[in-house]
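Here is the file start-v3.cif (mmCIF, C-alpha atoms).
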data_model
#
loop_
_atom_site.label_atom_id
_atom_site.label_comp_id
_atom_site.auth_asym_id
_atom_site.auth_seq_id
_atom_site.Cartn_x
_atom_site.Cartn_y
_atom_site.Cartn_z
CA MET A 1 123.74 146.59 -0.30
CA LYS A 2 126.62 144.83 -2.03
CA TYR A 3 128.48 144.76 1.27
CA MET A 4 125.56 143.17 3.17
CA LYS A 5 126.73 139.62 2.56
CA TRP A 6 130.15 140.54 3.97
CA VAL A 7 128.60 142.25 7.02
CA LEU A 8 126.40 139.22 7.70
CA SER A 9 129.41 136.88 7.41
CA VAL A 10 131.36 138.92 9.99
CA ALA A 11 128.31 139.03 12.26
CA ALA A 12 127.89 135.27 11.97
CA PHE A 13 131.62 134.81 12.73
CA VAL A 14 131.44 137.04 15.84
CA GLY A 15 128.30 135.23 16.95
CA ALA A 16 130.10 131.92 16.65
CA LEU A 17 133.00 133.10 18.86
CA PRO A 18 132.98 131.89 22.46
CA GLY A 19 132.23 135.46 23.57
CA GLY A 20 129.39 135.93 21.09
CA ALA A 21 126.68 135.02 23.55
CA ALA A 22 128.12 137.43 26.11
CA LEU A 23 128.04 140.27 23.54
CA ALA A 24 124.37 139.59 22.85
CA TRP A 25 123.69 139.43 26.57
CA ALA A 26 125.35 142.77 27.30
CA ALA A 27 123.51 144.42 24.41
CA ASP A 28 120.23 143.29 25.92
CA ARG A 29 121.00 145.14 29.20
CA THR A 30 119.36 142.56 31.43
CA PRO A 31 120.36 143.01 35.07
CA ASP A 32 122.50 140.48 36.89
CA TRP A 33 120.42 138.78 39.58
CA SER A 34 122.49 135.61 39.53
CA GLY A 35 122.83 133.51 42.65
CA LEU A 36 120.33 132.21 45.17
CA TRP A 37 118.01 134.52 47.11
CA ILE A 38 116.57 133.76 50.54
CA GLY A 39 113.65 135.65 52.09
CA THR A 40 114.42 137.64 55.23
CA MET A 41 110.82 138.35 56.27
CA LYS A 42 110.33 137.20 59.87
CA GLY A 43 106.58 136.96 59.71
CA GLY A 44 106.32 135.38 56.29
CA PHE A 45 103.84 137.13 54.02
CA GLY A 46 101.30 138.03 56.64
CA ILE A 47 101.78 139.49 60.06
CA GLU A 48 104.17 138.52 62.82
CA LEU A 49 102.12 136.50 65.27
CA ASN A 50 103.95 137.33 68.48
CA ALA A 51 103.78 141.03 67.62
CA TYR A 52 100.05 140.73 66.97
CA TYR A 53 99.35 138.99 70.28
CA ARG A 54 101.65 141.17 72.40
CA PRO A 55 99.42 143.10 74.82
CA GLY A 56 98.92 146.67 73.70
CA ALA A 57 100.66 146.12 70.36
CA LYS A 58 99.23 147.79 67.30
CA VAL A 59 99.64 145.55 64.28
CA GLU A 60 97.94 146.54 61.07
CA LEU A 61 95.85 143.73 59.64
CA PRO A 62 95.33 143.28 55.89
CA PRO A 63 92.45 145.44 54.51
CA TYR A 64 89.93 142.60 54.45
CA LYS A 65 86.19 143.06 54.17
CA PRO A 66 84.64 142.33 57.61
CA GLU A 67 83.59 138.70 56.94
CA TYR A 68 87.04 137.79 55.57
CA LEU A 69 88.79 139.68 58.34
CA GLU A 70 86.90 137.52 60.85
CA LYS A 71 87.99 134.38 59.03
CA TYR A 72 91.61 135.57 58.94
CA LYS A 73 91.54 136.43 62.65
CA ARG A 74 90.14 132.97 63.46
CA ASN A 75 93.06 131.45 61.54
CA LEU A 76 95.51 133.59 63.54
CA ASP A 77 93.88 132.53 66.83
CA GLN A 78 94.13 128.91 65.77
CA LEU A 79 97.85 129.27 64.99
CA HIS A 80 98.47 131.14 68.22
CA ALA A 81 96.78 128.29 70.12
CA GLY A 82 99.33 125.90 68.60
CA GLN A 83 96.99 124.35 66.05
CA THR A 84 97.76 124.25 62.36
CA VAL A 85 95.41 125.86 59.86
CA LEU A 86 96.64 124.14 56.74
CA GLY A 87 97.63 120.79 58.29
CA ARG A 88 100.24 118.60 56.67
CA THR A 89 100.40 119.28 52.97
CA CYS A 90 102.79 118.89 50.09
CA LYS A 91 100.72 121.28 47.99
CA PRO A 92 102.91 124.12 46.63
CA PRO A 93 102.17 127.52 48.21
CA GLY A 94 101.46 129.16 44.82
CA THR A 95 102.02 132.82 43.89
CA PRO A 96 102.90 134.98 45.80
CA GLY A 97 103.43 132.66 48.83
CA ASN A 98 106.23 131.04 46.86
CA MET A 99 108.07 134.41 46.84
CA VAL A 100 108.40 134.39 50.63
CA ALA A 101 111.29 131.97 50.02
CA PRO A 102 112.24 130.37 53.34
CA VAL A 103 114.42 128.26 51.07
CA PRO A 104 116.09 129.86 48.02
CA ILE A 105 114.68 131.11 44.77
CA GLU A 106 116.73 131.65 41.62
CA PHE A 107 116.11 133.98 38.65
CA ILE A 108 116.94 133.04 35.09
CA ILE A 109 116.74 136.23 33.05
CA GLN A 110 116.52 135.91 29.29
CA PRO A 111 115.76 138.63 26.74
CA LYS A 112 112.12 137.60 26.40
CA ARG A 113 111.41 135.79 29.63
CA VAL A 114 112.20 135.60 33.31
CA THR A 115 111.98 132.21 34.98
CA ILE A 116 111.94 131.90 38.77
CA LEU A 117 112.94 128.54 40.19
CA MET A 118 111.94 127.77 43.76
CA GLU A 119 113.40 125.10 45.99
CA ASN A 120 110.23 125.05 48.09
CA ALA A 121 107.94 122.43 46.52
CA ASN A 122 110.01 122.66 43.29
CA GLU A 123 107.77 125.44 41.95
CA THR A 124 108.57 127.30 38.73
CA ARG A 125 107.25 130.70 37.61
CA ARG A 126 107.46 131.53 33.91
CA ILE A 127 107.11 135.25 33.20
CA TRP A 128 107.05 136.31 29.55
CA THR A 129 108.48 139.82 29.07
CA ASP A 130 108.16 140.04 25.28
CA GLY A 131 104.90 141.97 25.26
CA ARG A 132 102.62 139.07 24.40
CA PRO A 133 99.07 139.39 25.74
CA LEU A 134 97.52 137.02 28.26
CA PRO A 135 95.96 133.94 26.63
CA ASN A 136 92.22 134.06 25.86
CA TYR A 137 91.57 131.05 28.08
CA ILE A 138 93.39 130.65 31.37
CA ARG A 139 92.91 127.54 33.48
CA SER A 140 93.39 128.66 37.06
CA SER A 141 96.46 127.34 38.86
CA LEU A 142 98.44 127.85 42.05
CA VAL A 143 101.38 129.49 40.29
CA GLY A 144 99.09 131.61 38.08
CA THR A 145 99.66 133.06 34.61
CA SER A 146 102.16 135.91 34.49
CA ARG A 147 103.22 138.61 32.10
CA GLY A 148 106.03 141.04 32.84
CA HIS A 149 107.96 143.99 31.52
CA TRP A 150 111.09 145.88 32.49
CA GLU A 151 110.90 149.43 33.79
CA GLY A 152 114.60 150.25 33.85
CA GLU A 153 116.05 147.54 36.06
CA THR A 154 112.76 146.84 37.83
CA LEU A 155 110.81 143.79 36.73
CA VAL A 156 107.08 144.47 36.84
CA VAL A 157 104.95 141.33 36.86
CA LYS A 158 101.20 140.90 36.73
CA THR A 159 99.78 137.48 37.65
CA VAL A 160 96.19 136.34 37.18
CA GLY A 161 94.41 132.98 36.91
CA LEU A 162 95.19 132.10 40.52
CA ARG A 163 93.30 129.55 42.60
CA GLY A 164 92.77 132.14 45.31
CA PRO A 165 90.98 129.95 47.89
CA GLU A 166 93.76 127.34 47.72
CA LEU A 167 96.76 129.69 47.96
CA GLN A 168 99.04 129.49 50.99
CA LEU A 169 100.58 132.91 51.48
CA ASP A 170 101.78 131.70 54.85
CA SER A 171 100.65 129.26 57.51
CA SER A 172 97.85 131.63 58.61
CA ALA A 173 96.24 130.98 55.18
CA PRO A 174 94.96 134.49 54.32
CA PRO A 175 91.77 133.97 52.27
CA PHE A 176 91.52 134.98 48.59
CA SER A 177 89.19 134.54 45.66
CA GLU A 178 89.84 133.58 42.04
CA GLN A 179 89.63 137.28 41.18
CA LEU A 180 92.98 137.94 42.84
CA THR A 181 95.48 139.89 40.76
CA VAL A 182 99.07 140.03 41.98
CA THR A 183 101.31 142.87 40.80
CA GLU A 184 104.99 142.78 41.69
CA HIS A 185 107.87 145.23 41.35
CA ILE A 186 111.10 143.27 41.75
CA ARG A 187 114.43 145.07 41.88
CA LEU A 188 117.94 144.85 43.21
CA VAL A 189 118.45 147.34 46.05
CA ALA A 190 122.09 146.43 46.75
CA ARG A 191 124.55 143.92 45.32
CA ASP A 192 123.30 141.29 47.77
CA ARG A 193 119.79 142.56 48.50
CA LEU A 194 116.67 142.17 46.40
CA GLU A 195 113.11 143.30 47.09
CA ASP A 196 109.70 142.41 45.74
CA THR A 197 106.90 144.88 46.38
CA VAL A 198 103.75 142.79 46.06
CA THR A 199 100.30 144.31 45.62
CA LEU A 200 97.30 142.03 46.04
CA ASP A 201 94.07 143.21 44.49
CA ASP A 202 90.98 141.12 45.12
CA PRO A 203 87.60 142.89 44.85
CA ILE A 204 85.82 139.93 46.47
CA VAL A 205 87.75 139.78 49.76
CA LEU A 206 89.68 143.08 50.08
CA LEU A 207 88.42 146.62 50.68
CA ARG A 208 91.44 148.04 48.87
CA PRO A 209 94.72 146.63 47.49
CA TRP A 210 97.08 145.12 50.09
CA THR A 211 100.76 145.89 49.52
CA LYS A 212 103.58 143.99 51.18
CA LYS A 213 107.32 144.40 50.67
CA LEU A 214 109.28 141.15 50.58
CA ALA A 215 113.04 141.29 51.12
CA TYR A 216 115.82 138.87 50.21
CA ARG A 217 119.51 138.40 50.85
CA LYS A 218 121.89 136.67 48.50
CA ALA A 219 123.06 133.29 49.81
CA GLU A 220 126.82 133.85 49.73
CA GLY A 221 128.82 130.87 48.57
CA ALA A 222 125.75 128.77 47.82
CA ASP A 223 124.99 127.97 44.19
CA ASP A 224 122.69 124.99 44.19
CA ILE A 225 118.98 124.45 44.61
CA TYR A 226 118.17 120.93 45.78
CA GLU A 227 115.20 118.69 45.06
CA TYR A 228 112.41 119.22 47.58
CA SER A 229 110.98 115.74 47.74
CA CYS A 230 108.09 116.35 50.08
CA TRP A 231 107.02 112.70 50.47
CA GLU A 232 110.23 111.32 51.99
CA ASP A 233 109.44 111.67 55.67
CA GLU A 234 105.84 110.50 56.00
CA ASP A 235 106.78 107.68 58.38
CA GLU A 236 108.73 109.99 60.69
CA PHE A 237 105.93 112.52 60.59
CA LYS A 238 103.48 109.86 61.80
CA LYS A 239 105.91 108.66 64.47
CA ALA A 240 106.23 112.21 65.73
CA ASN A 241 102.44 112.44 65.93
CA LEU A 242 102.53 115.91 64.34
CA LYS A 243 99.91 117.51 62.10
CA MET B 1 101.50 127.77 76.85
CA GLY B 2 100.75 126.00 80.14
CA LYS B 3 101.21 122.64 78.51
CA ALA B 4 104.57 123.65 77.14
CA ILE B 5 105.70 124.76 80.58
CA ASP B 6 104.47 121.40 81.88
CA ALA B 7 106.57 119.74 79.21
CA CYS B 8 109.60 121.70 80.38
CA CYS B 9 108.95 120.81 83.98
CA GLN B 10 108.40 117.14 83.23
CA ALA B 11 111.67 117.09 81.40
CA LEU B 12 113.36 118.91 84.28
CA ARG B 13 112.04 116.30 86.68
CA ALA B 14 113.48 113.62 84.42
CA GLY B 15 116.82 115.25 85.17
CA SER B 16 118.11 115.52 81.63
CA VAL B 17 117.07 118.98 80.63
CA ILE B 18 119.51 121.70 81.46
CA TYR B 19 117.37 124.79 81.16
CA CYS B 20 114.22 126.34 79.77
CA LEU B 21 114.38 129.89 78.45
CA LEU B 22 111.99 132.41 77.13
CA PHE B 23 113.08 133.00 73.61
CA GLY B 24 110.52 135.29 71.98
CA MET B 25 110.46 134.54 68.28
CA TYR B 26 107.56 133.47 66.13
CA SER B 27 107.38 132.69 62.51
CA SER B 28 104.53 132.01 60.17
CA VAL B 29 106.62 131.33 57.10
CA VAL B 30 105.07 128.49 55.16
CA GLU B 31 107.26 125.85 53.68
CA ALA B 32 105.27 123.20 51.82
CA HIS B 33 104.28 120.59 54.36
CA HIS B 34 103.10 122.00 57.69
CA SER B 35 103.41 125.00 59.94
CA HIS B 36 105.58 125.44 62.97
CA ALA B 37 102.55 126.20 65.11
CA MET B 38 102.84 123.01 67.15
CA PHE B 39 106.28 124.02 68.40
CA ASP B 40 106.59 126.59 71.16
CA GLU B 41 109.06 129.02 69.64
CA THR B 42 109.08 131.09 72.82
CA LYS B 43 110.93 128.31 74.67
CA VAL B 44 114.24 126.56 74.33
CA VAL B 45 114.85 123.23 76.04
CA THR B 46 118.25 121.56 76.11
CA LEU B 47 118.25 117.78 75.78
CA GLU B 48 121.17 115.44 76.45
CA GLY B 49 121.10 111.89 75.19
CA VAL B 50 122.21 109.41 72.56
CA VAL B 51 121.27 109.60 68.89
CA LYS B 52 119.10 106.67 67.89
CA GLN B 53 118.66 107.75 64.27
CA PHE B 54 119.27 110.77 62.03
CA LYS B 55 117.14 110.83 58.91
CA PHE B 56 118.32 113.19 56.17
CA SER B 57 114.96 113.59 54.41
CA ASN B 58 112.63 116.16 52.89
CA PRO B 59 110.73 118.25 53.63
CA HIS B 60 112.13 117.78 57.13
CA THR B 61 115.13 116.08 58.63
CA TRP B 62 114.55 114.03 61.80
CA LEU B 63 116.57 113.30 64.89
CA PHE B 64 115.58 110.51 67.26
CA VAL B 65 117.30 110.96 70.60
CA THR B 66 117.14 108.61 73.58
CA VAL B 67 117.24 110.57 76.81
CA THR B 68 117.86 108.69 80.03
CA GLY B 69 116.48 110.33 83.15
CA LYS B 70 117.86 110.25 86.69
CA ASP B 71 115.43 107.43 87.38
CA GLY B 72 117.22 105.37 84.73
CA LYS B 73 114.20 105.41 82.47
CA ALA B 74 115.00 105.94 78.76
CA VAL B 75 112.62 108.13 76.77
CA ASP B 76 112.78 108.68 73.01
CA TRP B 77 112.40 112.23 71.73
CA VAL B 78 111.42 112.94 68.11
CA LEU B 79 112.95 116.14 66.77
CA GLU B 80 112.21 117.84 63.49
CA GLY B 81 114.78 119.85 61.53
CA GLN B 82 115.03 121.96 58.40
CA SER B 83 114.87 120.57 54.87
CA VAL B 84 117.81 118.74 53.32
CA GLY B 85 118.61 121.68 51.01
CA SER B 86 118.72 124.18 53.88
CA LEU B 87 121.08 121.96 55.87
CA MET B 88 123.27 121.14 52.84
CA ARG B 89 123.83 124.84 52.25
CA MET B 90 125.02 125.04 55.86
CA GLY B 91 127.51 122.27 55.18
CA TRP B 92 125.55 119.31 56.56
CA THR B 93 125.49 115.85 55.00
CA GLU B 94 123.62 112.68 55.90
CA TYR B 95 126.74 111.74 57.89
CA SER B 96 126.77 114.91 60.04
CA ILE B 97 125.03 113.08 62.90
CA LYS B 98 125.36 109.33 63.43
CA ALA B 99 123.47 106.79 65.54
CA GLY B 100 125.35 106.34 68.80
CA ASP B 101 126.63 109.95 68.94
CA ARG B 102 126.28 111.56 72.36
CA ILE B 103 124.25 114.69 71.70
CA ARG B 104 123.34 117.90 73.47
CA VAL B 105 120.74 119.78 71.48
CA ASP B 106 118.61 122.86 72.02
CA ILE B 107 115.03 122.49 70.85
CA ASN B 108 111.72 124.34 70.70
CA PRO B 109 109.44 121.84 72.44
CA LEU B 110 106.05 120.62 71.26
CA ARG B 111 103.19 122.58 72.78
CA SER B 112 101.31 119.31 73.32
CA GLY B 113 103.75 118.27 76.04
CA GLU B 114 104.78 115.15 74.13
CA GLN B 115 108.46 114.26 73.81
CA GLY B 116 109.16 116.13 70.64
CA GLY B 117 110.35 119.42 69.25
CA SER B 118 112.18 121.31 66.54
CA PHE B 119 115.96 121.62 66.33
CA ASP B 120 115.90 124.36 63.63
CA ASN B 121 118.70 126.90 63.97
CA ARG B 122 119.66 125.56 67.37
CA LYS B 123 122.96 124.63 69.01
CA ILE B 124 124.07 121.04 68.76
CA PHE B 125 127.06 119.44 70.50
CA LEU B 126 128.11 115.98 69.30
CA ASN B 127 130.40 114.02 71.64
CA GLY B 128 131.28 117.35 73.27
CA VAL B 129 132.13 119.21 70.04
CA GLU B 130 129.86 121.91 68.64
CA LEU B 131 128.41 121.15 65.22
CA ARG B 132 129.03 124.42 63.46
CA ASN B 133 127.09 125.65 60.46
CA ALA B 134 128.71 127.56 57.65
CA GLU B 135 126.70 128.75 54.68
CA THR B 136 128.53 126.92 51.96
CA ASN B 137 128.01 124.59 49.07
CA SER B 138 130.94 122.47 50.15
CA ALA B 139 128.84 119.59 51.45
CA SER B 140 130.35 117.32 48.83
CA LYS B 141 133.87 118.11 50.07
CA ARG B 142 133.20 116.90 53.56
#

Show me the file's structure as structure tokens.
Amino acid sequence: MKYMKWVLSVAAFVGALPGGAALAWAADRTPDWSGLWIGTMKGGFGIELNAYYRPGAKVELPPYKPEYLEKYKRNLDQLHAGQTVLGRTCKPPGTPGNMVAPVPIEFIIQPKRVTILMENANETRRIWTDGRPLPNYIRSSLVGTSRGHWEGETLVVKTVGLRGPELQLDSSAPPFSEQLTVTEHIRLVARDRLEDTVTLDDPIVLLRPWTKKLAYRKAEGADDIYEYSCWEDEDEFKKANLK
Amino acid sequence: MGKAIDACCQALRAGSVIYCLLFGMYSSVVEAHHSHAMFDETKVVTLEGVVKQFKFSNPHTWLFVTVTGKDGKAVDWVLEGQSVGSLMRMGWTEYSIKAGDRIRVDINPLRSGEQGGSFDNRKIFLNGVELRNAETNSASKR
């Protein structure tokens, strides 16, 4: 024990070196997901409309209970007829619509937390990975309340407390309830490819869990996320007579 | 669909649209704001005219183009583009298109038949030179 003071001094000195932070980082074995990631899913979260309406095409619809399937199909018909379902809105899509990422997302990986920054609607997901339980009281939100853990280099995230009926998974607005639980397995599949396997479990609207694989490519040479100031073009929008 | 074809044909009659094509792509990706449902993504229309205004704004950029038909009548088209961030990563700035530029632009027309459309991911020629995109963060260097 008489050497402990000396050991601590050396440790403090190493920690103070410019490389000290890097040593701590490496020891933590967190994967490198740096850079910006852009979704490559053609049909967004849901189904590809033109595939669905192609004569004779067999497109699997989400496993909705009959009444919700009817609602979802009506939304698809509306979109296919050129009418919007959601209308003009600056409301953030919420989780997991925000993971579709038509504009980039960025991961900040720390030893006890993963933070996902989204350019779309400036959303932020905070995912604690330090083993803490969910809070006793959760006020429902669009982004939800998340807890995660690492299984090897796969980040497993469970999100609850979602405002299901208000979520925008894509412009076809698939319906959900507040009992929705979203489980994600996020991992790097190549240096420049990431995937998020998303399982939606909602006993109110779904017959069984609905799993969808989201894919991303790394935006080469692009480092910056820009402010998504959704109110800037209201005048032009009116001039264009769009909805 | 019929209305969109009408829009194409009207534009063709005006003499300023080069071609209409079947394009076959649909997307239901939601970006905060509104869906692309009002644009007919199965069609591409090429407009030629003069830029009235380019607005580099979020969540959409906007191009106002005055198209003069064979009958000498000038019609303003309102065209919607991607967000500022998406265009900046492709090297665009607010100065990429200027009022007075002669423009040839491919668009997905409005299904309603009105003079409007989307210029997302489409070819643009300014004063005869193609505006090329490069995924880069070098917007500030331009």

Could you tell me how far atom CA of A:Tyr228 sits from atom CA of A:Asn120, in Å to one decimal place?
6.2 Å

With distances taken over only C-alpha atoms, which residue among B:Val105, B:Ile97, B:Leu87, B:Val51 lies nearest chain A?
B:Leu87

Within 7 Å of stretch 54-65 of chain A, counting only C-alpha atoms, which residues show up once you throw out same-chain ones fewer than 3 positions away? Write them as a list of chain:residue names, please.
A:Asn50, A:Ala51, A:Tyr68, A:Leu69, A:Val205, A:Leu206, A:Leu207, A:Arg208, A:Trp210

Within 10 Å of stretch 157-165 of chain A, counting all atoms listed in the file, which residues show up once you throw out same-chain ones fewer than 5 positions away? Write them as a ChimeraX atom specification, please.
/A:94-96,114,127-129,134,137-150,173-186,198-200,202

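Here atom CA of A:Thr211 stands at a distance of 27.5 Å from atom CA of B:Glu41.
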
Selected by the PyMOL selection byres ((chain B and resi 63-73) around 9) in the shown coordinates: which residues, as a list in words?
Ala11, Arg13, Ala14, Gly15, Ser16, Leu47, Glu48, Gly49, Val50, Val51, Lys52, Gln53, Phe54, Lys55, Phe56, Thr61, Trp62, Ala74, Val75, Asp76, Trp77, Val78, Leu79, Glu80, Gly81, Ile97, Ala99, Ile103 and Phe119 of chain B

Name the residues that the PyMOL selection byres ((chain B and resi 106) around 10) picks from the file above, as a VMD selection string, using the file's chain letters and numbers.
chain B and resid 17 to 20 43 to 48 103 to 105 107 to 109 117 to 125

Of the candidates B:Pro59, B:Thr42, B:Ser96, B:Arg102, which shows the shortest atom-to-atom distance to chain A, using all atoms listed in the file?
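Among the listed residues, the smallest separation from chain A belongs to B:Pro59.
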
As an exercise, work out the distance from atom CA of A:Glu123 to atom CA of A:Gly39 in Å and give it to one decimal place.
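Interatomic distance here is 15.5 Å.
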
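Each of B:Gln115, B:Leu126, B:Glu94, B:Arg132 was compared to chain A using all atoms listed in the file, and B:Gln115 turns out to be the nearest.
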
Run the PyMOL selection byres ((chain A and resi 102) around 10) on the file and write out the hits as a list in words.
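Expected selection for the PyMOL selection byres ((chain A and resi 102) around 10) here is Trp37, Ile38, Gly39, Thr40, Met41, Lys42, Gly44, Asn98, Met99, Val100, Ala101, Val103, Pro104, Ile105, Met118, Glu119, Asn120 and Tyr216 of chain A; Val29, Val30, Glu31 and Ser86 of chain B.
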
Minimum-distance residue to A:Leu188, chosen among A:Asn75, A:Gln168, A:Asn122, A:Thr154 (using all atoms listed in the file):
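Using all atoms listed in the file, A:Leu188 sits closest to A:Thr154.
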
Calculated over only C-alpha atoms, which of the candidates A:Leu36, A:Leu169, A:Leu194, A:Cys230 has the smallest distance to B:Asn58?
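Under the stated criterion, the closest residue is A:Cys230.
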
Go through A:Phe107, A:Tyr72, A:Phe45, A:Tyr52 and flag the residue nearest chain B, using all atoms listed in the file for the distances.
A:Phe45

Selection near A:Arg125, 7 Å with only C-alpha atoms, sequence-local residues under 5 positions removed, as number ranges by chain
A: 115-117, 143
